[in-house]
Structures are given as C-alpha cells and as structure tokens.
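Q: Following this message is one structure expressed as structure tokens.
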Amino acid sequence: MNLQANPPGQGAQLEEAFRLFLQASQDLEEQQKVLQNQVDRLSNDLAIANQRLAALLGALPAGVLLIEEGVVRDLNPAARALLPDLVEGIPWQIPTAWSATPVQGEYQTSCDSTGRTVQLKEVTIGDRKILQIQDITESLAQHAETQRQSKLASMGQMAASIAHQLRTPLATATLYAGHLADPLLPQERQGEMADKLRRQLTSLEKLTTRMLQFVRQRPQRAESVLINELLDEAEQAIAPQCERYGVPLNVSLQGEPSLVTVERDAIVSALVAVLENALQISPKGSVIQMQTTIEASRVRIQIDDQGPGIEDSMLNSMFEPFTTSRVNGTGLGLSIARNAIEAHRGEISATNRPEGGARFTLTLPCLPAL
Ligand SMILES: Nc1ncnc2c1ncn2[C@@H]1O[C@H](COP(=O)(O)OP(=O)(O)OP(=O)(O)O)[C@@H](O)[C@H]1O
Ligand SMILES: [Mg+2]
C-alpha cells in the first residue's frame, strides 16, 4: 500500500474546513432551536386562541354551523340545542319540521306551542358557509308586546279623539234623518236632505275604515314582491290625482333588482298616503320626486315635494293619529302609513329640505332577486 503524506499545509486547511463545518452545524442547531421555540410558542398561542374561540362559540346564544361543500363540518352547542338530530358529516338542509314564515330567512321550528321562531343568516367564504341560527321567539314577543302597549296607549288617546271626530258628523246626520222623517218636509227638499245625509254617512264610513286600518296588527298576507312592481303600483294609483293637481311625479330607481316581503296593499297604500299629502300641498306645475335606492339589505324610498314644507308645529306630531292641519283631513293618513311600514320592520321619517319642500323617507328590509 502506498501511503502518500498530505502535502504541507493541506492538513491545516482540512482542520480549518472541519472547524468551519462544526461552527456552521452549531449555528444551524441554534437556529433550529430558535425556530422550534417559535413554532412551540405559535402552537401554544394557536391552542389558546382555539380555546378562546371554542369558549366564545360555546357561550354564543346563537347557533353557528360550519358547512363545507354542503356538508356540516362543525357546530356549536347552541346549534346542537336547536338541531338535536344534526351531526357532523351529514349534508346540510333545512329541517323538514321547520316551516318558512312570511319573513325571508325566518322559520317556525314546529307548528305546536313548543315551536320557536328562528332566523337564519349565512356568510359564504369560498366553498365554506357559516350559518348563524338565532332564536328570535323572545325578541318577536317583546316587539309584539311593545307594539301592543304603544297601540293601547294610542287607543286611549284615540278613544277621546274618535268621540270628538264622530260626534259632529253623527249629530248632523241625525239632524238630516230627523228632517227626512218629518212628514211636513216639502217634497223638493227630501232629495236634498237625503243627499246631505248620504254624504255625512259616507264620510263617517271613510273615517271608521281608516280607524280600522290604523289598529290592524302584523302583516297578514305577506308575499315577495319586486320593488319596482311596488313603485309602479303606487305610481299608477296616484297618476289620476297627479293629473288633476297638475303636479307630475318623477320616479327613479337605483340598485340591483330586489325583493321585499310585504303585504303589498299595505305598503302601496303607505306610499300613496305620502304621495297624496305631497300632491295636496304642492303648487301647480311643481314636481314630486320619488327616488329609490337599494343598498345591501335595505331599500330607501325618498319622496320630495316643492311645497311650503312641514309646519314646525306638525314636525313632531304628524305621525300621531288625528293630527292634521287640513280642514277635511282625518289626520290618519301618516299614522296608518307608519303602522304599515313599522309592521314590516321598516322606518318612516320626515324632514324639511334646506332648499324648500318636505322630504319623506321610507326604508324596508329587502333581498336581492335571484
Ligand atoms: N308633504 C307635506 N308637506 C307639508 N306638510 C305635510 C306633508 N305631508 C303631511 N303633512 C302634514 O302632516 C299632517 C298629517 O298628515 P296625514 O296624512 O296624517 O293627515 P291628513 O293628510 O291631514 O289627513 P288624511 O287623513 O286625509 O290623510 C298634514 O295635515 C300636514 O299638516
Ligand atoms: Mg294625508
């Protein structure tokens, strides 16, 4: 075997290389330790965050479901309580025992007295869907109770106003009826009396019809209606009056086609009541604007007139029943409109525009038309 000695200096180089190699390995080891520590710390933080999230989801009164590709992947305790038969891994669908209510996204969990009303909201993130199920039975009951209380309070005030409102036309009608029954009333005055009596009774009938409209409860026959259909209907209903008053109505609509779940007639009547008021006060030749904007989940209808604006004394009370500044007004138009809008979870308000004239704003919840 021919063992050749390393050339001089090569041994030192090898030693140096070996030393550097050792140094690099130690550095790598150090870095690996630092990285491992970071991974441990992050894993720990993640575990804590997960625990917090689980605690939050556990404490949340609303049910939360995670749906991936249509399959239930996870659900919190509140969701398990609302849906006892639901387990992870099965495809998600609305339970067959649930029935849809007239309000979009709301369901009755069963038709007996144990039934709850739940509201379903969903958020889609890529292939995933997060469903939030909220039991709104109590808040609906509270809402109904508040409405009932405020209605009762209004009814008290109304009772006094009704008596006042009915007394004069009733007394007049009784007087005409008395004249009619008089055998000495000349033949030619009988027709005149009968006509006066009929007019008094007609106005009494109008008053009682409006009072009944005012005390009506929640929407009875709600249906999904395209917003532009509602606007068209209101426009058509008011068109003959626009012609008579010589005040045109400009209608505009901005936003994606959307649906509202409403009792159609009630909402059209509310729009017509606001438009009617605007017409009655607008100078001939002026214009009424009805501008509608659809944003996210709400539709806003703005009705502007070029009249003298709302009297200061009326600004705070005009939505209360029997509040009127018009000689022949019943003062029920706006209070009926407000009832109808609020019964659909909407809002109505009025203000004077800086440039003159009144602005009425009605908002309602809506959904995009698919
Ligand atoms: N566009 C408007 N501009 C100025 N004032 C208004 C306008 N709309 C309503 N008002 C005021 O609000 C009051 C109440 O209106 P509301 O429609 O409730 O009753 P009304 O019009 O007086 O009677 P009716 O029962 O016949 O509708 C009106 O009398 C008027 O004073
Ligand atoms: Mg009116």
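Letters A, B, ... go to the chains of the structure tokens in the order shown; residues in each chain start at 1; ligands are counted from 1 in the same order.
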DSSP on the backbone, then: every residue of range 150-338 of chain A marked helix (DSSP H, G or I), written as an NGL selection string.
A: :A and (150-181 or 187-215 or 227-245 or 264-281 or 312-315 or 333-338)
Q: List as a tab-separated table every residue of chain A that is in contact with ligand 1, defined as an atom at most 7 Å from one of its atoms (using only C-alpha atoms and all ligand atoms), together with the nearest atom pair and the distance in Å rounded to one decimal, sorted by chain and then rising number.
A:
```
residue	atom	partner	partner_atom_place_in_ligand_line	distance
A:Ala273	CA	ligand 1	17 (O)	6.1
A:Val274	CA	ligand 1	8 (N)	6.3
A:Asn277	CA	ligand 1	8 (N)	4.5
A:Ala278	CA	ligand 1	1 (N)	3.9
A:Ile281	CA	ligand 1	3 (N)	6.0
A:Asp305	CA	ligand 1	1 (N)	6.3
A:Gly307	CA	ligand 1	3 (N)	6.2
A:Pro308	CA	ligand 1	4 (C)	6.5
A:Gly309	CA	ligand 1	4 (C)	4.6
A:Ile310	CA	ligand 1	4 (C)	3.7
A:Glu311	CA	ligand 1	5 (N)	6.3
A:Met314	CA	ligand 1	31 (O)	5.9
A:Met318	CA	ligand 1	12 (O)	4.6
A:Phe319	CA	ligand 1	18 (O)	6.0
A:Pro321	CA	ligand 1	18 (O)	6.8
A:Thr323	CA	ligand 1	14 (C)	5.4
A:Thr324	CA	ligand 1	29 (O)	3.4
A:Ser325	CA	ligand 1	29 (O)	3.9
A:Arg326	CA	ligand 1	29 (O)	4.9
A:Asn328	CA	ligand 1	26 (O)	6.7
A:Gly329	CA	ligand 1	23 (O)	3.4
A:Thr330	CA	ligand 1	25 (O)	3.6
A:Gly331	CA	ligand 1	19 (O)	3.3
A:Leu332	CA	ligand 1	25 (O)	4.1
A:Gly333	CA	ligand 1	17 (O)	3.6
A:Leu334	CA	ligand 1	18 (O)	3.7
A:Ser335	CA	ligand 1	18 (O)	5.7
A:Gly357	CA	ligand 1	3 (N)	6.7
A:Ala358	CA	ligand 1	3 (N)	5.1
```
Q: For range 82-109 of chain A versus range 221-242 of chain A, which residues have an atom no more than 9 Å away, and what is each residue's nearest atom pair and distance in Å rounded to one decimal, using only C-alpha atoms, chain-then-number order, as a tab-separated table?
A:
```
residue	atom	partner	partner_atom	distance
A:Pro102	CA	A:Ala222	CA	5.5
A:Val103	CA	A:Ala222	CA	7.6
A:Gln104	CA	A:Ser224	CA	8.5
```
Q: If we count only C-alpha atoms, what is near range 337-351 of chain A at a cut-off of 8 Å, once residues fewer than 4 positions away on the same chain are taken out, given as a VMD selection string?
A: chain A and resid 214 217 to 219 262 266 to 267 269 to 271 273 to 274 310 315 319 333 358 to 365
Q: Could those residues be written to a file, using N, CA and C atoms, as an mmCIF file, in the first residue's frame?
A:
```
data_model
loop_
_atom_site.group_PDB
_atom_site.id
_atom_site.type_symbol
_atom_site.label_atom_id
_atom_site.label_comp_id
_atom_site.auth_asym_id
_atom_site.auth_seq_id
_atom_site.Cartn_x
_atom_site.Cartn_y
_atom_site.Cartn_z
ATOM 1 N N PHE A 214 -105.886 51.651 10.999
ATOM 2 C CA PHE A 214 -104.880 52.087 11.965
ATOM 3 C C PHE A 214 -104.621 51.023 13.034
ATOM 4 N N GLN A 217 -103.174 44.630 12.970
ATOM 5 C CA GLN A 217 -101.964 44.010 13.528
ATOM 6 C C GLN A 217 -100.904 43.754 12.465
ATOM 7 N N ARG A 218 -100.013 42.794 12.751
ATOM 8 C CA ARG A 218 -98.904 42.416 11.843
ATOM 9 C C ARG A 218 -99.400 42.079 10.433
ATOM 10 N N PRO A 219 -98.534 42.148 9.433
ATOM 11 C CA PRO A 219 -98.967 41.807 8.075
ATOM 12 C C PRO A 219 -99.604 40.423 8.011
ATOM 13 N N VAL A 262 -93.654 41.623 1.800
ATOM 14 C CA VAL A 262 -94.601 42.598 2.365
ATOM 15 C C VAL A 262 -96.052 42.236 2.044
ATOM 16 N N ALA A 266 -100.802 47.080 1.750
ATOM 17 C CA ALA A 266 -100.493 47.972 2.877
ATOM 18 C C ALA A 266 -99.336 48.906 2.523
ATOM 19 N N ILE A 267 -98.309 48.359 1.850
ATOM 20 C CA ILE A 267 -97.145 49.197 1.530
ATOM 21 C C ILE A 267 -97.470 50.167 0.395
ATOM 22 N N SER A 269 -100.393 51.402 -0.168
ATOM 23 C CA SER A 269 -101.233 52.449 0.440
ATOM 24 C C SER A 269 -100.379 53.436 1.226
ATOM 25 N N ALA A 270 -99.326 52.935 1.898
ATOM 26 C CA ALA A 270 -98.459 53.841 2.664
ATOM 27 C C ALA A 270 -97.781 54.831 1.716
ATOM 28 N N LEU A 271 -97.281 54.314 0.582
ATOM 29 C CA LEU A 271 -96.631 55.196 -0.400
ATOM 30 C C LEU A 271 -97.637 56.207 -0.941
ATOM 31 N N ALA A 273 -100.304 57.314 0.512
ATOM 32 C CA ALA A 273 -100.672 58.312 1.535
ATOM 33 C C ALA A 273 -99.651 59.443 1.562
ATOM 34 N N VAL A 274 -98.362 59.088 1.468
ATOM 35 C CA VAL A 274 -97.306 60.122 1.487
ATOM 36 C C VAL A 274 -97.369 60.956 0.207
ATOM 37 N N ILE A 310 -93.053 71.314 5.971
ATOM 38 C CA ILE A 310 -93.913 70.895 7.087
ATOM 39 C C ILE A 310 -93.915 71.984 8.152
ATOM 40 N N LEU A 315 -94.137 68.995 12.875
ATOM 41 C CA LEU A 315 -92.954 68.150 12.657
ATOM 42 C C LEU A 315 -92.865 66.967 13.634
ATOM 43 N N PHE A 319 -97.090 62.038 12.670
ATOM 44 C CA PHE A 319 -97.323 60.593 12.532
ATOM 45 C C PHE A 319 -98.307 60.075 13.593
ATOM 46 N N GLY A 333 -103.802 59.505 7.759
ATOM 47 C CA GLY A 333 -103.016 59.000 6.625
ATOM 48 C C GLY A 333 -101.612 58.553 7.024
ATOM 49 N N ALA A 358 -90.869 69.379 1.531
ATOM 50 C CA ALA A 358 -90.724 68.317 2.532
ATOM 51 C C ALA A 358 -90.066 67.090 1.913
ATOM 52 N N ARG A 359 -89.393 66.308 2.762
ATOM 53 C CA ARG A 359 -88.812 65.031 2.315
ATOM 54 C C ARG A 359 -89.297 63.929 3.259
ATOM 55 N N PHE A 360 -89.948 62.915 2.680
ATOM 56 C CA PHE A 360 -90.346 61.737 3.456
ATOM 57 C C PHE A 360 -89.441 60.578 3.053
ATOM 58 N N THR A 361 -88.902 59.867 4.041
ATOM 59 C CA THR A 361 -88.003 58.747 3.749
ATOM 60 C C THR A 361 -88.572 57.469 4.352
ATOM 61 N N LEU A 362 -88.770 56.478 3.490
ATOM 62 C CA LEU A 362 -89.279 55.179 3.948
ATOM 63 C C LEU A 362 -88.193 54.141 3.699
ATOM 64 N N THR A 363 -87.907 53.298 4.690
ATOM 65 C CA THR A 363 -86.942 52.219 4.445
ATOM 66 C C THR A 363 -87.591 50.884 4.801
ATOM 67 N N LEU A 364 -87.170 49.844 4.076
ATOM 68 C CA LEU A 364 -87.690 48.492 4.324
ATOM 69 C C LEU A 364 -86.552 47.490 4.122
ATOM 70 N N PRO A 365 -86.577 46.376 4.854
ATOM 71 C CA PRO A 365 -85.573 45.342 4.565
ATOM 72 C C PRO A 365 -85.854 44.708 3.200
#
```
Q: For each of A:Asp195, A:Glu15, A:Asp135, A:Asp127, take the minimum atom-to-atom distance to Leu83 in chain A, counting only C-alpha atoms, then give the residue where this is smallest.
A: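 That would be A:Asp135, the residue with the smallest distance to Leu83 in chain A.
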Q: When you look at Gln132 in chain A with a cut-off of 12 Å (counting only C-alpha atoms), what residues show up, excluding the ones that are within fewer than 2 positions of it in the same chain? I need them as a PyMOL selection string.
A: chain A and resi 57+60-67+75-76+78-79+82+105-106+118-124+129-130+134-135
Q: Report as a PyMOL selection string: the residues of range 232-351 of chain A with a DSSP assignment of strand (DSSP E or B), based on the backbone of this structure.
A: chain A and resi 249-254+258-262+288-295+298-304+347-351
Q: Hey, can you spit out that residue selection with N, CA and C atoms as a short mmCIF file (atom, residue, chain, number, x, y, z; two decimals), in the first residue's frame?
A:
```cif
data_model
loop_
_atom_site.label_atom_id
_atom_site.label_comp_id
_atom_site.auth_asym_id
_atom_site.auth_seq_id
_atom_site.Cartn_x
_atom_site.Cartn_y
_atom_site.Cartn_z
N LEU A 249 -95.19 63.35 -11.28
CA LEU A 249 -94.37 62.56 -10.35
C LEU A 249 -93.21 61.95 -11.13
N ASN A 250 -91.98 62.22 -10.66
CA ASN A 250 -90.79 61.63 -11.28
C ASN A 250 -90.32 60.44 -10.46
N VAL A 251 -90.21 59.28 -11.10
CA VAL A 251 -89.82 58.09 -10.34
C VAL A 251 -88.46 57.62 -10.82
N SER A 252 -87.54 57.35 -9.89
CA SER A 252 -86.25 56.77 -10.30
C SER A 252 -85.86 55.65 -9.34
N LEU A 253 -85.10 54.69 -9.88
CA LEU A 253 -84.72 53.52 -9.07
C LEU A 253 -83.26 53.19 -9.36
N GLN A 254 -82.47 53.05 -8.28
CA GLN A 254 -81.05 52.71 -8.42
C GLN A 254 -80.74 51.48 -7.61
N SER A 258 -84.40 43.85 -6.53
CA SER A 258 -84.51 43.28 -5.18
C SER A 258 -85.95 43.03 -4.81
N LEU A 259 -86.10 42.18 -3.80
CA LEU A 259 -87.45 41.77 -3.35
C LEU A 259 -87.71 42.25 -1.93
N VAL A 260 -88.95 42.62 -1.66
CA VAL A 260 -89.34 42.87 -0.28
C VAL A 260 -90.45 41.87 0.05
N THR A 261 -90.46 41.42 1.31
CA THR A 261 -91.53 40.50 1.73
C THR A 261 -92.56 41.33 2.48
N VAL A 262 -93.65 41.62 1.80
CA VAL A 262 -94.60 42.60 2.36
C VAL A 262 -96.05 42.24 2.04
N ILE A 288 -92.96 66.30 -8.05
CA ILE A 288 -92.67 65.44 -6.89
C ILE A 288 -91.67 64.38 -7.36
N GLN A 289 -90.61 64.19 -6.57
CA GLN A 289 -89.59 63.19 -6.91
C GLN A 289 -89.76 62.00 -5.99
N MET A 290 -89.79 60.79 -6.58
CA MET A 290 -89.76 59.57 -5.74
C MET A 290 -88.49 58.82 -6.15
N GLN A 291 -87.44 58.95 -5.31
CA GLN A 291 -86.15 58.33 -5.64
C GLN A 291 -85.93 57.11 -4.75
N THR A 292 -85.62 56.00 -5.39
CA THR A 292 -85.43 54.77 -4.62
C THR A 292 -84.00 54.28 -4.79
N THR A 293 -83.38 53.94 -3.66
CA THR A 293 -82.02 53.40 -3.69
C THR A 293 -82.01 52.08 -2.95
N ILE A 294 -81.40 51.08 -3.59
CA ILE A 294 -81.31 49.76 -2.94
C ILE A 294 -79.87 49.56 -2.51
N GLU A 295 -79.68 49.38 -1.21
CA GLU A 295 -78.32 49.19 -0.68
C GLU A 295 -78.32 47.93 0.16
N ARG A 298 -81.27 46.84 2.41
CA ARG A 298 -82.34 47.79 2.70
C ARG A 298 -82.67 48.64 1.48
N VAL A 299 -83.95 48.92 1.34
CA VAL A 299 -84.35 49.81 0.25
C VAL A 299 -84.81 51.12 0.89
N ARG A 300 -84.37 52.23 0.27
CA ARG A 300 -84.75 53.55 0.79
C ARG A 300 -85.53 54.30 -0.27
N ILE A 301 -86.75 54.68 0.09
CA ILE A 301 -87.60 55.43 -0.86
C ILE A 301 -87.73 56.86 -0.32
N GLN A 302 -87.33 57.81 -1.15
CA GLN A 302 -87.33 59.20 -0.71
C GLN A 302 -88.33 59.98 -1.55
N ILE A 303 -89.27 60.63 -0.89
CA ILE A 303 -90.29 61.38 -1.63
C ILE A 303 -90.13 62.87 -1.29
N ASP A 304 -89.75 63.66 -2.30
CA ASP A 304 -89.51 65.10 -2.11
C ASP A 304 -90.58 65.90 -2.84
N GLU A 347 -88.88 51.77 8.49
CA GLU A 347 -88.94 53.06 9.20
C GLU A 347 -89.46 54.13 8.25
N ILE A 348 -90.11 55.12 8.85
CA ILE A 348 -90.56 56.26 8.04
C ILE A 348 -90.25 57.53 8.83
N SER A 349 -89.74 58.53 8.13
CA SER A 349 -89.43 59.79 8.82
C SER A 349 -89.67 60.94 7.85
N ALA A 350 -89.74 62.15 8.41
CA ALA A 350 -90.00 63.31 7.56
C ALA A 350 -89.13 64.46 8.02
N THR A 351 -88.75 65.27 7.06
CA THR A 351 -87.94 66.45 7.39
C THR A 351 -88.18 67.52 6.32
#
```
Q: Identify which of the residues A:Lys284, A:Ala47, A:Glu16, A:Gly126 lies closest to Glu68 in chain A, counting only C-alpha atoms when measuring atom-to-atom distances.
A: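 Among A:Lys284, A:Ala47, A:Glu16, A:Gly126, it is A:Gly126 that comes nearest to Glu68 in chain A.
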Q: In terms of the shortest atom-to-atom distance over only C-alpha atoms, which of A:Ser99, A:Asn316, A:Ser282, A:Ser161 is closest to Asp112 in chain A?
A: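 Between A:Ser99, A:Asn316, A:Ser282, A:Ser161, the residue approaching Asp112 in chain A most closely is A:Ser99.
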Q: Mind pulling up the distance from CA of Ala55 in chain A to CA of Val39 in chain A?
A: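 Going from CA of Val39 in chain A over to CA of Ala55 in chain A, I get 23.7 Å.
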